[in-house]
Amino acid sequence: MIYLGIVEDEPLVLENLLRFFSVQPDVKVVLTSTSVEQFLQEVSTISQIDILLLDINLPGMSGLEGIRHIKADFPDLNIIMLTASDDADHIFKALCAGAVSYISKRSNLQTIREAVFTVHNGGAFMSPGIARKVIDYFAPKKQDPDNLLTPRQEQIVQGLVDGLSYKLIADKYLISLETVRDHIKKIYKKLEVNSKAEVIKKKIDGKI
């Protein structure tokens with residue numbers, strides 16, 4: 001038996017979830033709340049809860065903020081975010097805070113049931129559209145060609161890493177000192193830094 005809690009402030013959504021899960025033989029809804037505050041007050045009255053369906057946009061404390069408070073009291077509780085928000089930043093923050101799954105309210109009830117059982121069996125679940133947003137969030141960002149260093153600028157950066165002065169860099173690559181200084185200004189702008197030390201750090205960290 002899966003003991004399920006629901007924190008949802010939209011009456012129609014809550015009613016549909018209750019009606020659906022009430023006929024599932026392996027699921028028992030043990031607590032419903034319309035806010036995180038209400039959930040934290042009432043959860044002590046029940047003996048067991050395994051999974052919580054938690055909305056983000058709630059009156060009072062948001063679901064995102066609520067995860068931290070809920071996990072502090074119930075570290076083993078599996079939290080599934082069930083929300084209309086598919087903002088990548090919200091998804092990332094929810095997962096970092098301790099949610100194990102993130103699905104859209106637009107998902108059909110069978111999909112929500114699948115998510116509950118998947119999580120109960122030790123897995124994680126995301127709606128396909130949300131999973132794509134998570135993948136896109138972590139995917140390497142395409143670089144603007146205008147912000148890429150030219151081969152000459154890469155040489156100058158390497159000169160800085162090697163500890164060469166502007167004069168020695170100019171001599172090494174047979175260019176003028178003013179040309180080196182002009183390139184340095186452009187390098188600072190492209191890398192969004194303000195010092196030679198920051199350029200060197202980016203190079204050493206593999207960010208160039």
# chains A, B, ... in the order shown; residues from 1 in each chain; ligands from 1

call {"tool": "select_by_dssp", "arguments": {"residues": "stretch 33-187 of chain A", "states": "helix (DSSP H, G or I)", "output": "PyMOL selection string"}}
result
chain A and resi 36-45+63-73+88-97+109-120+128-138+145-147+151-161+166-172+177-187

call {"tool": "residues_around", "arguments": {"residues": "stretch 7-15 of chain A", "least_positions_apart": "6", "cutoff": "10 Å", "atoms": "only C-alpha atoms", "output": "PyMOL selection string"}}
result
chain A and resi 31-39+52-59+63+81-83+105

call {"tool": "write_last_selection", "arguments": {"atoms": "N, CA and C atoms", "output": "PDB file, in the first residue's frame"}}
result
ATOM      1  N   LEU A  31      -3.715  12.311   3.498  1.00  0.00           N
ATOM      2  CA  LEU A  31      -3.779  13.718   3.889  1.00  0.00           C
ATOM      3  C   LEU A  31      -3.872  14.604   2.663  1.00  0.00           C
ATOM      4  N   THR A  32      -4.779  15.559   2.699  1.00  0.00           N
ATOM      5  CA  THR A  32      -4.841  16.588   1.660  1.00  0.00           C
ATOM      6  C   THR A  32      -4.767  17.948   2.331  1.00  0.00           C
ATOM      7  N   SER A  33      -4.006  18.858   1.720  1.00  0.00           N
ATOM      8  CA  SER A  33      -3.845  20.205   2.268  1.00  0.00           C
ATOM      9  C   SER A  33      -3.882  21.202   1.120  1.00  0.00           C
ATOM     10  N   THR A  34      -4.221  22.427   1.431  1.00  0.00           N
ATOM     11  CA  THR A  34      -4.238  23.473   0.407  1.00  0.00           C
ATOM     12  C   THR A  34      -3.051  24.414   0.542  1.00  0.00           C
ATOM     13  N   SER A  35      -2.177  24.144   1.500  1.00  0.00           N
ATOM     14  CA  SER A  35      -0.972  24.961   1.671  1.00  0.00           C
ATOM     15  C   SER A  35       0.087  24.137   2.384  1.00  0.00           C
ATOM     16  N   VAL A  36       1.334  24.558   2.243  1.00  0.00           N
ATOM     17  CA  VAL A  36       2.425  23.887   2.955  1.00  0.00           C
ATOM     18  C   VAL A  36       2.240  24.033   4.457  1.00  0.00           C
ATOM     19  N   GLU A  37       1.820  25.218   4.883  1.00  0.00           N
ATOM     20  CA  GLU A  37       1.631  25.459   6.314  1.00  0.00           C
ATOM     21  C   GLU A  37       0.606  24.491   6.908  1.00  0.00           C
ATOM     22  N   GLN A  38      -0.503  24.294   6.179  1.00  0.00           N
ATOM     23  CA  GLN A  38      -1.535  23.368   6.659  1.00  0.00           C
ATOM     24  C   GLN A  38      -0.994  21.935   6.706  1.00  0.00           C
ATOM     25  N   PHE A  39      -0.238  21.568   5.684  1.00  0.00           N
ATOM     26  CA  PHE A  39       0.337  20.222   5.646  1.00  0.00           C
ATOM     27  C   PHE A  39       1.239  19.987   6.860  1.00  0.00           C
ATOM     28  N   LEU A  52       4.427  12.490  -1.469  1.00  0.00           N
ATOM     29  CA  LEU A  52       3.659  13.735  -1.439  1.00  0.00           C
ATOM     30  C   LEU A  52       3.614  14.355  -2.825  1.00  0.00           C
ATOM     31  N   LEU A  53       2.411  14.602  -3.322  1.00  0.00           N
ATOM     32  CA  LEU A  53       2.229  15.395  -4.533  1.00  0.00           C
ATOM     33  C   LEU A  53       2.144  16.850  -4.096  1.00  0.00           C
ATOM     34  N   LEU A  54       3.078  17.673  -4.583  1.00  0.00           N
ATOM     35  CA  LEU A  54       3.200  19.048  -4.087  1.00  0.00           C
ATOM     36  C   LEU A  54       3.172  20.045  -5.236  1.00  0.00           C
ATOM     37  N   ASP A  55       2.267  21.007  -5.145  1.00  0.00           N
ATOM     38  CA  ASP A  55       2.201  22.080  -6.134  1.00  0.00           C
ATOM     39  C   ASP A  55       3.240  23.147  -5.791  1.00  0.00           C
ATOM     40  N   ILE A  56       3.579  23.976  -6.778  1.00  0.00           N
ATOM     41  CA  ILE A  56       4.521  25.079  -6.526  1.00  0.00           C
ATOM     42  C   ILE A  56       3.780  26.342  -6.126  1.00  0.00           C
ATOM     43  N   ASN A  57       2.802  26.745  -6.933  1.00  0.00           N
ATOM     44  CA  ASN A  57       2.111  28.019  -6.700  1.00  0.00           C
ATOM     45  C   ASN A  57       0.995  27.827  -5.681  1.00  0.00           C
ATOM     46  N   LEU A  58       1.357  28.065  -4.438  1.00  0.00           N
ATOM     47  CA  LEU A  58       0.422  27.871  -3.333  1.00  0.00           C
ATOM     48  C   LEU A  58       0.252  29.170  -2.552  1.00  0.00           C
ATOM     49  N   PRO A  59      -0.872  29.331  -1.858  1.00  0.00           N
ATOM     50  CA  PRO A  59      -1.014  30.509  -0.991  1.00  0.00           C
ATOM     51  C   PRO A  59      -0.028  30.415   0.165  1.00  0.00           C
ATOM     52  N   GLY A  63       5.562  26.069  -2.940  1.00  0.00           N
ATOM     53  CA  GLY A  63       6.000  24.683  -2.898  1.00  0.00           C
ATOM     54  C   GLY A  63       7.505  24.567  -2.913  1.00  0.00           C
ATOM     55  N   MET A  81       6.733  16.928  -7.537  1.00  0.00           N
ATOM     56  CA  MET A  81       6.158  18.228  -7.864  1.00  0.00           C
ATOM     57  C   MET A  81       5.113  18.020  -8.959  1.00  0.00           C
ATOM     58  N   LEU A  82       3.888  18.394  -8.667  1.00  0.00           N
ATOM     59  CA  LEU A  82       2.783  18.305  -9.636  1.00  0.00           C
ATOM     60  C   LEU A  82       2.315  19.726  -9.873  1.00  0.00           C
ATOM     61  N   THR A  83       2.725  20.319 -10.979  1.00  0.00           N
ATOM     62  CA  THR A  83       2.546  21.758 -11.124  1.00  0.00           C
ATOM     63  C   THR A  83       2.307  22.189 -12.556  1.00  0.00           C
ATOM     64  N   LYS A 105       0.746  19.266 -14.381  1.00  0.00           N
ATOM     65  CA  LYS A 105      -0.671  19.055 -14.075  1.00  0.00           C
ATOM     66  C   LYS A 105      -1.465  18.685 -15.326  1.00  0.00           C
TER      67      LYS A 105
END

call {"tool": "residues_around", "arguments": {"residues": "A:Lys133", "least_positions_apart": "5", "cutoff": "12 Å", "atoms": "only C-alpha atoms", "output": "VMD selection string"}}
result
chain A and resid 85 to 92 102 to 103 126 to 128 138 to 139

call {"tool": "select_by_dssp", "arguments": {"residues": "chain A", "states": "strand (DSSP E or B)", "output": "tab-separated table (two decimals) with C-alpha atoms, in the first residue's frame"}}
result
chain	number	residue	atom	x	y	z
A	2	ILE	CA	1.25	3.48	-0.92
A	3	TYR	CA	0.30	6.19	1.56
A	4	LEU	CA	-0.13	9.40	-0.40
A	5	GLY	CA	-0.38	13.06	0.58
A	6	ILE	CA	-1.51	15.90	-1.67
A	7	VAL	CA	-0.83	19.62	-1.30
A	27	VAL	CA	-2.97	3.72	-2.96
A	28	LYS	CA	-4.47	5.40	0.08
A	29	VAL	CA	-4.69	9.19	0.30
A	30	VAL	CA	-3.94	9.91	3.95
A	31	LEU	CA	-3.78	13.72	3.89
A	32	THR	CA	-4.84	16.59	1.66
A	33	SER	CA	-3.84	20.21	2.27
A	51	ILE	CA	4.80	10.13	-1.20
A	52	LEU	CA	3.66	13.74	-1.44
A	53	LEU	CA	2.23	15.39	-4.53
A	54	LEU	CA	3.20	19.05	-4.09
A	78	ASN	CA	9.41	11.27	-1.58
A	79	ILE	CA	8.16	14.55	-3.05
A	80	ILE	CA	6.69	14.72	-6.55
A	81	MET	CA	6.16	18.23	-7.86
A	82	LEU	CA	2.78	18.30	-9.64
A	83	THR	CA	2.55	21.76	-11.12
A	101	SER	CA	10.14	13.89	-9.68
A	102	TYR	CA	8.51	16.78	-11.51
A	103	ILE	CA	5.40	16.36	-13.63
A	104	SER	CA	2.90	18.63	-15.27
A	126	MET	CA	9.21	13.40	-15.36

call {"tool": "closest_atom_pairs", "arguments": {"of": "stretch 106-174 of chain A", "to": "stretch 178-182 of chain A", "cutoff": "12 Å", "atoms": "only C-alpha atoms", "output": "Markdown table"}}
result
| residue | atom | partner | partner_atom | distance |
| --- | --- | --- | --- | --- |
| A:Arg152 | CA | A:Val180 | CA | 9.5 |
| A:Gln153 | CA | A:Val180 | CA | 8.7 |
| A:Glu154 | CA | A:Val180 | CA | 11.7 |
| A:Gln155 | CA | A:Val180 | CA | 10.5 |
| A:Ile156 | CA | A:Val180 | CA | 7.5 |
| A:Val157 | CA | A:Val180 | CA | 10.4 |
| A:Gly159 | CA | A:Val180 | CA | 10.6 |
| A:Leu160 | CA | A:Val180 | CA | 11.1 |
| A:Leu164 | CA | A:Val180 | CA | 11.8 |
| A:Ser165 | CA | A:Val180 | CA | 10.1 |
| A:Tyr166 | CA | A:Val180 | CA | 6.5 |
| A:Lys167 | CA | A:Val180 | CA | 8.3 |
| A:Leu168 | CA | A:Val180 | CA | 10.0 |
| A:Ile169 | CA | A:Val180 | CA | 7.4 |
| A:Ala170 | CA | A:Val180 | CA | 6.2 |
| A:Asp171 | CA | A:Val180 | CA | 10.0 |
| A:Lys172 | CA | A:Val180 | CA | 11.0 |
| A:Tyr173 | CA | A:Val180 | CA | 9.5 |
| A:Leu174 | CA | A:Thr179 | CA | 10.2 |

call {"tool": "closest_residue", "arguments": {"among": "A:Pro151, A:Lys186, A:Lys71, A:Leu109", "to": "A:Arg19", "atoms": "only C-alpha atoms"}}
result
A:Leu109

call {"tool": "closest_residue", "arguments": {"among": "A:Leu177, A:Ile204, A:Leu95, A:Leu149", "to": "A:Ala124", "atoms": "only C-alpha atoms"}}
result
A:Leu95

call {"tool": "atom_distance", "arguments": {"atom1": "atom CA of A:Ser62", "atom2": "atom CA of A:Thr118"}}
result
25.1 Å

call {"tool": "atom_distance", "arguments": {"atom1": "atom CA of A:Pro75", "atom2": "atom CA of A:Val134"}}
result
23.9 Å

call {"tool": "closest_residue", "arguments": {"among": "A:Ile70, A:Met61, A:Ala99, A:Val23", "to": "A:Ser44", "atoms": "only C-alpha atoms"}}
result
A:Ile70

call {"tool": "atom_distance", "arguments": {"atom1": "atom CA of A:Leu77", "atom2": "atom CA of A:Asp50"}}
result
5.7 Å

call {"tool": "residues_around", "arguments": {"residues": "A:Arg68", "least_positions_apart": "5", "cutoff": "9 Å", "atoms": "only C-alpha atoms", "output": "mmCIF file with N, CA and C atoms, in the first residue's frame"}}
result
data_model
loop_
_atom_site.group_PDB
_atom_site.id
_atom_site.type_symbol
_atom_site.label_atom_id
_atom_site.label_comp_id
_atom_site.auth_asym_id
_atom_site.auth_seq_id
_atom_site.Cartn_x
_atom_site.Cartn_y
_atom_site.Cartn_z
ATOM 1 N N ASP A 73 11.718 17.870 8.271
ATOM 2 C CA ASP A 73 10.954 17.056 9.223
ATOM 3 C C ASP A 73 10.795 15.610 8.761
ATOM 4 N N ALA A 97 16.363 21.014 -4.274
ATOM 5 C CA ALA A 97 15.844 21.105 -2.907
ATOM 6 C C ALA A 97 15.466 19.744 -2.338
ATOM 7 N N GLY A 98 15.313 18.745 -3.217
ATOM 8 C CA GLY A 98 15.013 17.413 -2.700
ATOM 9 C C GLY A 98 13.833 16.709 -3.333
#
